[in-house]
Each structure stands twice: as C-alpha cells, then as structure tokens.
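Asker: Quick one: this structure, given as structure tokens, is what I'll be asking you about.
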There are 2 protein chains.
Amino acid sequence: MRNILLTLSYDGTNFSGWQKQENEKTGPIRTVQDEIQKVLAVIHKEPIALAGSGRTDSGVHAAGQAATFISPIDSIPIENYIPAINSRLPHDIRILNAVEKPMDFHARFSATRRTYHYVIHCGSPLAHQMPYVWPIYRYPDIERLNNMASCLQGEIDCTTFSAAGDLSVSKHRFLEKAIFYPEGDTLVFEICANAFLWKMVRSITGSLLHYELKGKDKSFFQEILDGRDRTKAGPTAPAKGLFLWNVGFSGKRIHP
Amino acid sequence: MRNILLTLSYDGTNFSGWQKQENEKTGPIRTVQDEIQKVLAVIHKEPIALAGSGRTDSGVHAAGQAATFISPIDSIPIENYIPAINSRLPHDIRILNAVEKPMDFHARFSATRRTYHYVIHCGSPLAHQMPYVWPIYRYPDIERLNNMASCLQGEIDCTTFSAAGDLSVSKHRFLEKAIFYPEGDTLVFEICANAFLWKMVRSITGSLLHYELKGKDKSFFQEILDGRDRTKAGPTAPAKGLFLWNVGFSGKRIHP
C-alpha cells in the first residue's frame, strides 16, 4: 500500500470542473476527477478514490493541480505511473509527475498554499489563445491595479469576494501575494493564499479590472474590502482565463 | 465596390480545414472559409466569396492567414469590419486586421511568400498545450536538424515530400528559410517558401525528426531530396503542431 501524489494539468474547456458529480436529469457529466479515477480503476483493477488539493470550477484550467490516492499494490514502479496513466487519459488531462508520500500526506489537508494565475489579454488574441484568456481589448493601468491589489496581503476577511453559494464557515483567508505583471500582450494576475473561497479569484480579478477602469485607487479598494458587502464586488471574470498554477506543501503554513 | 484583405487566425482543432466542401454522405462539414463566408453574407445581405492565400488542411492552425473578398458596398468604414465580423464568428476564428487593396490584388495570386511554424514539444506538455504541439518526449539535436534543413534553400524539386493526392503540375518550389530554434520547452521549425505542396511542411518536419533520431547527416538528407522518391520520406508529422504563420505580399517574388 502506497500513498501517491500526482501533479497534473488540465484544459478545463470541456470539463464541468474537477469534482465528480451526477446530474439527476442527464446522468454523469464529464469531470477531471472522474476521468482520472476511471483510469486508476483500470490500472489497479478496483475503484480508487482520488483527492484533489482543491475543486476547480467548470471551465477553469490547471497547470499544476495536486492529487493523492492510496494504491493497494506496490508492484508498479513509481516512475511507470506517468506513462501508464497518460496513455489511458484523454489529451486534455496530462499527468506531469508522480511521487510516493508518507501515508499521512493528503493533497488537500497537507497543502499550505495555492497559487492561481489569471490571464487577461489586452490586444487582439489569436484564435488558439481564446480558450485560455479573458480578452478585454484595452491596456489597463498596471500600476493602478497593483496599488489596489496591495490591499490583498495577510489575513483578510474575503466576504466581499465570496459567492452566494459558498459554504465556508470562515471567510478569512491568508494572502501571501497578489500581483499583476505583463507577459507579451497579456497581463497575468498571480495570487497566492493558503486557500480560496468559491469563485474568489475570479471575483477579485473582475473587481480590480472594473475599478481600475473607473479610475479608483487603493483607499477605495480597501473600503470595498472592509465593507464585506458582496454587492460592491465588480463582475466576476470568466472561468477560461483562470489557471490553478501550483500547490505548495513545503515550508510552514502561512496561517495558524 | 472594394477589395478587402483580411488577416486572420484560427484554431484548426475543430475544422475540416480551410476550404468549403460538402461530404456527400453527411452533408456540409465545418470549414474556416464557410464560417467566414456565412458571416460576410449576413453583413452584406448577399453571398460573398472569400479567397484564401492557401488551403490549410484539417487540424492545421493559422496565426496569420490572408484572405480577400470583393465587397459590393462602400458604406461600411473599413475599421468596422473587424468587430462586425468577429462578433458574429465563433471564437476559434479571429479576424486580426482588415485593409482595402487595389482591385487587382488577390490573397492567393498576389502572395509572394508563405511562412509556416511547426511546433514540437520536447518535454511534458501541459494539457492546454496539447492541441497545438507535436509532443516527442525527447530533446533532439538542434544542430543536426539545422544541418539537414540547410539543404532546403533555393529552387528545390520537392517530390520527395509530396503527398499521393497532390495535383501540382510542377513540384518545384522556391525555399527561402528552413530553421529550427528553441522556445522554452518547444522547438519551432520555421519554413518559408513562395508556396508549398500538399502536406509538404508536415512531411519535411516528420522526415527531419525521423532522420535526426537515426543520426543521419546533411549529405544523407541531400540524397533523399535529390532521389525524388516519396517512399524515402519519414512519417508525416501530425497536423496539430502546424501553424500558417503569415503570408507575405511585399517585396519582389522569390521565384520567376
């Protein structure tokens, strides 16, 4: 019996998110967790439960999602897992790495930080970039954006950027980094925290761009944040620009 | 009446190539030319014929395809064409530019050079890169590839790299550039000529990688080329790594 950590990427375009689910009316729908569990079941000849570090929403991509599963067999060399799984998976999921971990390690509960990249396209996107960016057809003021984003540091009550269906008991999250940087014709918003509320990154991104366009400043954004009023958030940015970039397990937790 | 040149990109994944065609058994199939012609017909309220600089195959992408059409109306400001067409097109085609040209200008017959990029992925591609690269899971010898590719200069009889169904009268083409360069974990093969035979770029790319792996050198590749024997070409590289990068109209023709 071994505990195996997978690092994986997926193109969220044709998935209804990470988590396996059933639609009562139409039957099972396509999810990342389900696709990988089906392959793991074939390899192990029995059902295998895969735990992700977090549930990404419908349409959200991943460059470095983390997921763990307990393998009942020890005979498969760990390095063989990558080709064994990839060769059976559809191309829109790719396993990047597989390593053995102690039995008490868990993709979700052992994760200390999650980093997301939100990709905004400022120019004219090429057709093959369209599924992976939010095209805004303008070049925003990066300094203004970063000034407002500098409010997103340390322990924050994130109620303003929570969604109606969010079930978290506490809306407090511990933010480590929130910065915009240009990359060619795109603007990448990198945000790192111990964890995020449902749709929080897309709500923050949409709000920052919304208030940047209105010429608002850092003190205004701080008020929005302190107000803990969801109606003050800007429009939620579309799912297709969002990537779960990586999940961190090393170092001490950035929250108590 | 105006002659309008469009520069456009498309994600070839879900297209059966550029050219409008009918499948006798299943009815019309999805092509880039047809999708744009449908939009032009809506805008002009009559059928409009769109001429591309070249027909890309099923699954091949474009970053800078060129296409011309005669517009019967002069009332639409030229700069309005881009948003007017893009707002009616599916996202896997994007118009990048629209300019007016003299009436004797033609996307196909006025083009003096076509540049293609073939993108090879040498490492572990992320899921969202998969539709746009040929993953070979090894790092080839770039110097060896470029040595062989240096044979592809000037007027060449390209019979070796022609496909069975190619209808060209002459197999001679005028090659200007054929070079590999690394870009992150990918290797880009840039090839430029006055025109190409059907599937020629994919055949050249597949052959170069095939013979590089076998440790062949420039003189061997020159023999293959001189032999004008299609059975000596390597496997054809997959369509999904190929991009029609741009089409040149300026400067003098690089062929008589």
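Note on naming: chains are A, B, ... as they come in the structure tokens, residues start from 1 per chain, ligands start from 1 in the order shown.
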Region 164-178 of chain A: which residues within 7 Å, counting only C-alpha atoms, same-chain residues fewer than 4 positions away excluded, as a list in words?
Answerer: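 The filter keeps Ala149, Ser150, Leu152, Gln153, Gly154, Glu155, Ile156, Asp157, Cys158, Thr159, Glu190, Ile191, Cys192, Ala193, Asn194, Ala195, Phe196, Leu197, Trp198, Ile254 and His255 of chain A.
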Asker: Using only C-alpha atoms, please write the residues we just selected to a file, as a PDB file, in the first residue's frame.
Answerer:
ATOM      1  CA  ALA A 149      -4.008  44.635  -5.228  1.00  0.00           C
ATOM      2  CA  SER A 150      -1.537  45.588  -2.487  1.00  0.00           C
ATOM      3  CA  LEU A 152      -4.647  41.808  -0.540  1.00  0.00           C
ATOM      4  CA  GLN A 153      -1.924  40.923   1.955  1.00  0.00           C
ATOM      5  CA  GLY A 154      -2.058  38.957   5.208  1.00  0.00           C
ATOM      6  CA  GLU A 155      -5.184  37.738   6.972  1.00  0.00           C
ATOM      7  CA  ILE A 156      -8.223  39.087   5.124  1.00  0.00           C
ATOM      8  CA  ASP A 157     -11.959  38.726   5.588  1.00  0.00           C
ATOM      9  CA  CYS A 158     -12.858  37.903   1.979  1.00  0.00           C
ATOM     10  CA  THR A 159     -16.672  38.203   2.285  1.00  0.00           C
ATOM     11  CA  GLU A 190      -0.751  35.972  -9.785  1.00  0.00           C
ATOM     12  CA  ILE A 191      -2.435  35.382  -6.456  1.00  0.00           C
ATOM     13  CA  CYS A 192      -1.296  33.082  -3.698  1.00  0.00           C
ATOM     14  CA  ALA A 193      -3.075  32.157  -0.450  1.00  0.00           C
ATOM     15  CA  ASN A 194      -3.460  29.294   1.996  1.00  0.00           C
ATOM     16  CA  ALA A 195      -6.856  28.639   0.377  1.00  0.00           C
ATOM     17  CA  PHE A 196      -9.594  30.471  -1.519  1.00  0.00           C
ATOM     18  CA  LEU A 197     -13.335  30.844  -1.253  1.00  0.00           C
ATOM     19  CA  TRP A 198     -15.542  29.651  -4.115  1.00  0.00           C
ATOM     20  CA  ILE A 254       1.101  30.740   6.234  1.00  0.00           C
ATOM     21  CA  HIS A 255      -1.879  30.524   8.575  1.00  0.00           C
TER      22      HIS A 255
END
Asker: If we count only C-alpha atoms and set the cut-off at 8 Å, which residues sit around Thr160 (chain B), ignoring sequence neighbours fewer than 5 positions away in its own chain? Please answer as a PyMOL selection string.
Answerer: chain B and resi 224-225+227-233
Asker: Which residues of chain B are close to chain A, meaning at most 6 Å apart when you count only C-alpha atoms, and how do they look as a PyMOL selection string?
Answerer: chain B and resi 9-11+92-94+126-128
Asker: Could the residues in this selection be written to a file with C-alpha atoms, as a PDB file, in the first residue's frame?
Answerer:
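Output below, filename selection-v9.pdb:
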ATOM      1  CA  SER B   9      -6.139  33.413 -37.170  1.00  0.00           C
ATOM      2  CA  TYR B  10      -7.902  30.176 -36.427  1.00  0.00           C
ATOM      3  CA  ASP B  11      -7.647  27.225 -34.111  1.00  0.00           C
ATOM      4  CA  ASP B  92     -11.982  29.683 -32.939  1.00  0.00           C
ATOM      5  CA  ILE B  93     -11.686  32.159 -35.812  1.00  0.00           C
ATOM      6  CA  ARG B  94     -10.449  35.699 -35.102  1.00  0.00           C
ATOM      7  CA  LEU B 126       0.649  20.890 -20.209  1.00  0.00           C
ATOM      8  CA  ALA B 127      -2.875  19.793 -21.145  1.00  0.00           C
ATOM      9  CA  HIS B 128      -3.781  23.123 -22.736  1.00  0.00           C
TER      10      HIS B 128
END
Asker: Near Pro72 (chain A), counting only C-alpha atoms, which residues have an atom at most 10 Å away, once you skip same-chain residues fewer than 4 positions from it, shown as JSON, numbers by chain?
Answerer: {"A": [1, 2, 3, 44, 46, 48]}
Asker: Let's have the selection written as a short mmCIF file (atom, residue, chain, number, x, y, z; two decimals), in the first residue's frame, with N, CA and C atoms.
Answerer:
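Wrote selection_29.cif, looks like this:
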data_model
loop_
_atom_site.label_atom_id
_atom_site.label_comp_id
_atom_site.auth_asym_id
_atom_site.auth_seq_id
_atom_site.Cartn_x
_atom_site.Cartn_y
_atom_site.Cartn_z
N MET A 1 0.84 -1.19 0.00
CA MET A 1 0.00 0.00 0.00
C MET A 1 0.88 1.25 0.00
N ARG A 2 0.60 2.14 -0.94
CA ARG A 2 1.40 3.36 -1.01
C ARG A 2 0.50 4.57 -1.22
N ASN A 3 0.97 5.72 -0.73
CA ASN A 3 0.27 6.98 -0.91
C ASN A 3 0.98 7.72 -2.05
N HIS A 44 -5.53 -0.48 -11.47
CA HIS A 44 -5.50 -1.21 -10.20
C HIS A 44 -6.52 -2.34 -10.11
N GLU A 46 -9.55 -2.15 -9.40
CA GLU A 46 -10.53 -1.90 -8.33
C GLU A 46 -10.74 -0.38 -8.23
N ILE A 48 -10.59 3.37 -7.15
CA ILE A 48 -9.59 4.15 -6.42
C ILE A 48 -10.14 5.56 -6.24
#
Asker: Work out how far CA of Gly248 (chain B) is from CA of Ala51 (chain B), in Å to one decimal.
Answerer: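 The value is 15.4 Å.
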Asker: To test your reading of the structure, identify every residue in region 8-190 of chain B that backbone DSSP assigns to strand (DSSP E or B), and report it as an NGL selection string.
Answerer: :B and (8-10 or 22-23 or 27-28 or 51-52 or 61-71 or 93-101 or 113-121 or 134-135 or 154-157 or 172-183 or 186-190)
Asker: Restricting the calculation to only C-alpha atoms, which member of B:Tyr139, B:Trp245, B:Phe161, B:Phe221 is positioned closest to Gly184 (chain B)?
Answerer: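 When distances to Gly184 (chain B) are compared using only C-alpha atoms, the smallest one comes from B:Tyr139.
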Asker: What is the distance between CA of Met103 (chain A) and CA of Leu50 (chain A), in Å to one decimal?
Answerer: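 These two atoms are separated by 14.1 Å.
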Asker: Fewer than 5 positions away in the same chain doesn't count, so skip those; otherwise give me all residues within 8 Å of Val60 (chain B), counting only C-alpha atoms, as an MDAnalysis selection string.
Answerer: chainID B and resid 11:13 17 239:244
Asker: Include N, CA and C atoms and write out the residues we just selected as a compact mmCIF listing (two decimals), in the first residue's frame.
Answerer:
# COMPACT_ATOMS: atom_id res chain seq x y z
N ASP B 11 -8.04 28.42 -34.84
CA ASP B 11 -7.65 27.22 -34.11
C ASP B 11 -8.22 26.08 -34.94
N GLY B 12 -7.35 25.32 -35.61
CA GLY B 12 -7.81 24.32 -36.57
C GLY B 12 -8.44 23.07 -35.96
N THR B 13 -8.38 22.95 -34.63
CA THR B 13 -8.81 21.72 -33.96
C THR B 13 -10.17 21.20 -34.43
N GLY B 17 -10.35 21.85 -42.07
CA GLY B 17 -9.52 22.66 -42.95
C GLY B 17 -10.15 23.97 -43.37
N ALA B 239 -0.99 17.10 -37.88
CA ALA B 239 -1.49 18.43 -38.27
C ALA B 239 -1.47 19.42 -37.12
N LYS B 240 -1.75 18.96 -35.90
CA LYS B 240 -2.00 19.90 -34.79
C LYS B 240 -0.80 20.76 -34.40
N GLY B 241 0.44 20.39 -34.81
CA GLY B 241 1.62 21.21 -34.49
C GLY B 241 1.88 22.31 -35.50
N LEU B 242 1.09 22.35 -36.57
CA LEU B 242 1.37 23.25 -37.70
C LEU B 242 0.53 24.52 -37.69
N PHE B 243 1.22 25.66 -37.85
CA PHE B 243 0.57 26.97 -37.95
C PHE B 243 0.98 27.66 -39.24
N LEU B 244 0.01 28.09 -40.03
CA LEU B 244 0.31 29.04 -41.11
C LEU B 244 0.59 30.35 -40.40
Asker: So how far away is CA of Thr56 (chain A) from CA of Glu22 (chain A), in Å?
Answerer: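 Going from CA of Glu22 (chain A) over to CA of Thr56 (chain A), I get 16.4 Å.
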Asker: With DSSP run on the backbone, what are the helix (DSSP H, G or I) residues within region 53-229 of chain A? I'd like them as a PyMOL selection string.
Answerer: chain A and resi 78-86+127-132+142-149+159-161+200-213+218-227
Asker: Would you mind exporting the chosen residues as a short mmCIF file (atom, residue, chain, number, x, y, z; two decimals), in the first residue's frame, restricted to N, CA and C atoms?
Answerer:
data_model
loop_
_atom_site.label_atom_id
_atom_site.label_comp_id
_atom_site.auth_asym_id
_atom_site.auth_seq_id
_atom_site.Cartn_x
_atom_site.Cartn_y
_atom_site.Cartn_z
N ILE A 78 7.19 3.47 -9.33
CA ILE A 78 6.53 4.78 -9.27
C ILE A 78 6.67 5.56 -10.57
N GLU A 79 7.84 5.42 -11.25
CA GLU A 79 8.05 6.19 -12.49
C GLU A 79 7.18 5.70 -13.65
N ASN A 80 6.62 4.50 -13.49
CA ASN A 80 5.75 3.98 -14.56
C ASN A 80 4.33 4.55 -14.52
N TYR A 81 4.00 5.17 -13.38
CA TYR A 81 2.64 5.70 -13.27
C TYR A 81 2.34 6.77 -14.31
N ILE A 82 3.32 7.63 -14.59
CA ILE A 82 3.05 8.75 -15.51
C ILE A 82 2.64 8.23 -16.90
N PRO A 83 3.49 7.41 -17.56
CA PRO A 83 3.04 6.92 -18.88
C PRO A 83 1.83 6.00 -18.79
N ALA A 84 1.71 5.21 -17.73
CA ALA A 84 0.56 4.29 -17.61
C ALA A 84 -0.75 5.06 -17.54
N ILE A 85 -0.76 6.16 -16.80
CA ILE A 85 -2.00 6.94 -16.69
C ILE A 85 -2.20 7.79 -17.95
N ASN A 86 -1.14 8.50 -18.38
CA ASN A 86 -1.30 9.40 -19.54
C ASN A 86 -1.76 8.67 -20.80
N ALA A 127 -6.80 33.07 -32.41
CA ALA A 127 -7.90 32.14 -32.15
C ALA A 127 -7.53 31.06 -31.13
N HIS A 128 -6.30 30.55 -31.22
CA HIS A 128 -5.94 29.44 -30.33
C HIS A 128 -5.61 29.91 -28.91
N GLN A 129 -5.57 31.22 -28.70
CA GLN A 129 -5.40 31.74 -27.33
C GLN A 129 -6.75 31.95 -26.65
N MET A 130 -7.80 32.08 -27.44
CA MET A 130 -9.11 32.45 -26.91
C MET A 130 -9.62 31.58 -25.75
N PRO A 131 -9.41 30.25 -25.79
CA PRO A 131 -9.96 29.46 -24.67
C PRO A 131 -9.20 29.62 -23.35
N TYR A 132 -8.08 30.39 -23.37
CA TYR A 132 -7.21 30.43 -22.18
C TYR A 132 -6.95 31.84 -21.67
N ILE A 142 -1.35 49.20 -15.13
CA ILE A 142 -0.83 48.14 -14.26
C ILE A 142 -0.49 48.67 -12.86
N GLU A 143 0.04 49.90 -12.82
CA GLU A 143 0.43 50.48 -11.53
C GLU A 143 -0.81 50.66 -10.63
N ARG A 144 -1.89 51.12 -11.25
CA ARG A 144 -3.14 51.31 -10.50
C ARG A 144 -3.66 49.96 -9.99
N LEU A 145 -3.60 48.96 -10.88
CA LEU A 145 -4.05 47.62 -10.48
C LEU A 145 -3.21 47.09 -9.32
N ASN A 146 -1.90 47.24 -9.41
CA ASN A 146 -1.03 46.72 -8.34
C ASN A 146 -1.18 47.50 -7.05
N ASN A 147 -1.49 48.79 -7.16
CA ASN A 147 -1.76 49.58 -5.96
C ASN A 147 -2.98 49.04 -5.22
N MET A 148 -4.04 48.80 -5.97
CA MET A 148 -5.26 48.25 -5.35
C MET A 148 -4.99 46.84 -4.82
N ALA A 149 -4.27 46.03 -5.62
CA ALA A 149 -4.01 44.64 -5.23
C ALA A 149 -3.14 44.54 -3.97
N THR A 159 -15.22 38.23 2.54
CA THR A 159 -16.67 38.20 2.28
C THR A 159 -17.06 38.96 1.02
N THR A 160 -16.43 40.11 0.77
CA THR A 160 -16.75 40.92 -0.42
C THR A 160 -16.65 40.09 -1.70
N PHE A 161 -15.67 39.18 -1.73
CA PHE A 161 -15.41 38.42 -2.95
C PHE A 161 -15.90 36.98 -2.86
N MET A 200 -13.57 33.09 -5.67
CA MET A 200 -12.92 34.29 -5.11
C MET A 200 -11.92 34.92 -6.06
N VAL A 201 -11.09 34.10 -6.74
CA VAL A 201 -10.06 34.69 -7.62
C VAL A 201 -10.73 35.43 -8.78
N ARG A 202 -11.77 34.82 -9.34
CA ARG A 202 -12.45 35.46 -10.47
C ARG A 202 -13.19 36.73 -10.03
N SER A 203 -13.69 36.74 -8.79
CA SER A 203 -14.37 37.92 -8.28
C SER A 203 -13.37 39.06 -8.02
N ILE A 204 -12.20 38.70 -7.45
CA ILE A 204 -11.16 39.72 -7.19
C ILE A 204 -10.66 40.28 -8.52
N THR A 205 -10.39 39.39 -9.49
CA THR A 205 -9.87 39.84 -10.79
C THR A 205 -10.87 40.77 -11.47
N GLY A 206 -12.11 40.35 -11.52
CA GLY A 206 -13.16 41.16 -12.15
C GLY A 206 -13.32 42.50 -11.45
N SER A 207 -13.24 42.49 -10.11
CA SER A 207 -13.40 43.74 -9.34
C SER A 207 -12.24 44.69 -9.58
N LEU A 208 -11.02 44.16 -9.58
CA LEU A 208 -9.85 45.02 -9.79
C LEU A 208 -9.91 45.69 -11.17
N LEU A 209 -10.24 44.91 -12.20
CA LEU A 209 -10.31 45.48 -13.55
C LEU A 209 -11.46 46.49 -13.66
N HIS A 210 -12.58 46.17 -12.99
CA HIS A 210 -13.75 47.04 -13.01
C HIS A 210 -13.42 48.40 -12.38
N TYR A 211 -12.76 48.38 -11.22
CA TYR A 211 -12.48 49.63 -10.52
C TYR A 211 -11.26 50.35 -11.10
N GLU A 212 -10.37 49.61 -11.73
CA GLU A 212 -9.25 50.26 -12.44
C GLU A 212 -9.81 51.10 -13.59
N LEU A 213 -10.76 50.55 -14.32
CA LEU A 213 -11.37 51.26 -15.46
C LEU A 213 -12.10 52.52 -14.98
N LYS A 218 -6.30 52.81 -4.26
CA LYS A 218 -6.08 51.82 -3.20
C LYS A 218 -7.04 52.03 -2.02
N SER A 219 -7.25 53.28 -1.62
CA SER A 219 -8.10 53.52 -0.43
C SER A 219 -9.55 53.12 -0.73
N PHE A 220 -9.99 53.36 -1.97
CA PHE A 220 -11.32 52.93 -2.36
C PHE A 220 -11.44 51.41 -2.29
N PHE A 221 -10.42 50.72 -2.83
CA PHE A 221 -10.46 49.25 -2.84
C PHE A 221 -10.43 48.69 -1.42
N GLN A 222 -9.67 49.36 -0.54
CA GLN A 222 -9.61 48.94 0.87
C GLN A 222 -10.99 49.06 1.52
N GLU A 223 -11.71 50.12 1.17
CA GLU A 223 -13.07 50.31 1.71
C GLU A 223 -14.01 49.19 1.27
N ILE A 224 -13.92 48.84 -0.04
CA ILE A 224 -14.73 47.74 -0.59
C ILE A 224 -14.47 46.46 0.19
N LEU A 225 -13.18 46.23 0.45
CA LEU A 225 -12.75 45.03 1.14
C LEU A 225 -13.28 45.03 2.58
N ASP A 226 -13.10 46.15 3.24
CA ASP A 226 -13.52 46.27 4.64
C ASP A 226 -15.04 46.24 4.78
N GLY A 227 -15.75 46.66 3.73
CA GLY A 227 -17.22 46.73 3.77
C GLY A 227 -17.88 45.36 3.85
#
Asker: Could you pull the residues within 8 Å of region 105-108 of chain A, counting only C-alpha atoms, minus those fewer than 3 positions along the same chain, as a VMD selection string?
Answerer: chain A and resid 3 5 51 to 54 66 to 68 101 to 102 111
